[in-house]
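K.L.:
Would you mind keeping the following structure in view while I ask a few things?
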Amino acid sequence: MPFFYLARCADGSLYCGACNELQAREAAHNSGKGAKYTRSRLPVRMVYAEEFPTLGDALRREAEVKKWKKARKERLLSSTPSTLQCTHPMTQAIFLMITQELPGDKESVL
């Protein structure tokens, strides 16, 4: 299933993207083969994802969220319940929070 995702970069910034396989996309980012934006901000970790029925739906959600300021994206992250469920109107949303720590992190995202 396709996903919209937010990835946290080593500098604390958030990167929005869409993909079919989250783990493979995270690996691509961290190997330097991902987006140009993330190449100079490694490592990155996936901190949020929504699952969509089609890649087109995931890309539309990416375009929507990319327009948001960082503060609104952070509110999206902080408002995600620990049960990792959501009701975005275009998705059978399943939220995935990956708690892998970045070097220098004192605590995980959750």
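Labeling convention for the structure tokens: chains A, B, ... as they appear, residues from 1 per chain, ligands from 1 in order of appearance.
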Neighbours of segment 20-24 of chain A within 8 Å (only C-alpha atoms; same-chain residues fewer than 4 positions away dropped), as an mmCIF file with N, CA and C atoms, in the first residue's frame?

P.N.:
data_model
loop_
_atom_site.group_PDB
_atom_site.id
_atom_site.type_symbol
_atom_site.label_atom_id
_atom_site.label_comp_id
_atom_site.auth_asym_id
_atom_site.auth_seq_id
_atom_site.Cartn_x
_atom_site.Cartn_y
_atom_site.Cartn_z
ATOM 1 N N MET A 1 0.833 -1.189 0.000
ATOM 2 C CA MET A 1 0.000 0.000 0.000
ATOM 3 C C MET A 1 0.876 1.251 0.000
ATOM 4 N N PRO A 2 0.457 2.278 -0.679
ATOM 5 C CA PRO A 2 1.192 3.549 -0.694
ATOM 6 C C PRO A 2 1.037 4.312 0.621
ATOM 7 N N PHE A 3 2.034 5.110 0.907
ATOM 8 C CA PHE A 3 2.064 5.892 2.141
ATOM 9 C C PHE A 3 2.432 7.336 1.866
ATOM 10 N N ALA A 28 16.703 4.198 1.497
ATOM 11 C CA ALA A 28 17.177 4.988 0.359
ATOM 12 C C ALA A 28 17.621 6.372 0.807
ATOM 13 N N MET A 46 11.807 7.825 9.784
ATOM 14 C CA MET A 46 10.371 7.990 9.572
ATOM 15 C C MET A 46 9.720 8.188 10.934
ATOM 16 N N LEU A 55 -1.301 5.452 -4.821
ATOM 17 C CA LEU A 55 -0.165 6.374 -4.731
ATOM 18 C C LEU A 55 -0.615 7.801 -5.035
#

K.L.:
Quick one: pull the distance between atom CA of Lys33 of chain A and atom CA of Trp68 of chain A, Å, one decimal.

P.N.:
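Separating atom CA of Lys33 of chain A from atom CA of Trp68 of chain A is a distance of 25.3 Å.
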
K.L.:
How many Å separate atom CA of Gly32 of chain A from atom CA of Glu64 of chain A?

P.N.:
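That distance, rounded to one decimal, is 25.5 Å.
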
K.L.:
Would you compute the distance between atom CA of Glu62 of chain A and atom CA of Ala35 of chain A? Give it in Å to one decimal.

P.N.:
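Those two atoms sit 14.0 Å apart.
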
K.L.:
For each of A:Arg75, A:Ala63, A:Arg45, A:Asp57, take the minimum atom-to-atom distance to Gly17 of chain A, counting only C-alpha atoms, then give the residue where this is smallest.

P.N.:
A:Ala63

K.L.:
Within 8 Å of Ala7 of chain A, counting only C-alpha atoms, which residues qualify if same-chain residues fewer than 2 places away don't, as a list in words?

P.N.:
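Contacts, in chain order: Tyr5, Cys9, Leu14, Tyr15, Cys16, Gly17, Val44, Arg45, Met46, Val47 and Tyr48 of chain A.
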
K.L.:
I need the residue nearest Glu74 of chain A from this list: A:Ser13, A:Thr38, A:Asn30, A:Thr54. Use only C-alpha atoms for the distance.

P.N.:
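Closest candidate: A:Ser13.
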
K.L.:
Go through segment 14-71 of chain A and collect every residue that DSSP, computed from the backbone, puts in alpha helix (DSSP H); the answer should be as a ChimeraX atom specification.

P.N.:
/A:22-30,36-39,55-66,70-71

K.L.:
Go through A:Ala18, A:Leu77, A:Leu59, A:Ala27 and flag the residue nearest Pro43 of chain A, using only C-alpha atoms for the distances.

P.N.:
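The answer is A:Ala27, which sits nearest to Pro43 of chain A.
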
K.L.:
For a quick check of understanding, using only C-alpha atoms, which of A:Leu42, A:Leu76, A:Leu6, A:Val65 has the smallest distance to His29 of chain A?

P.N.:
A:Leu42
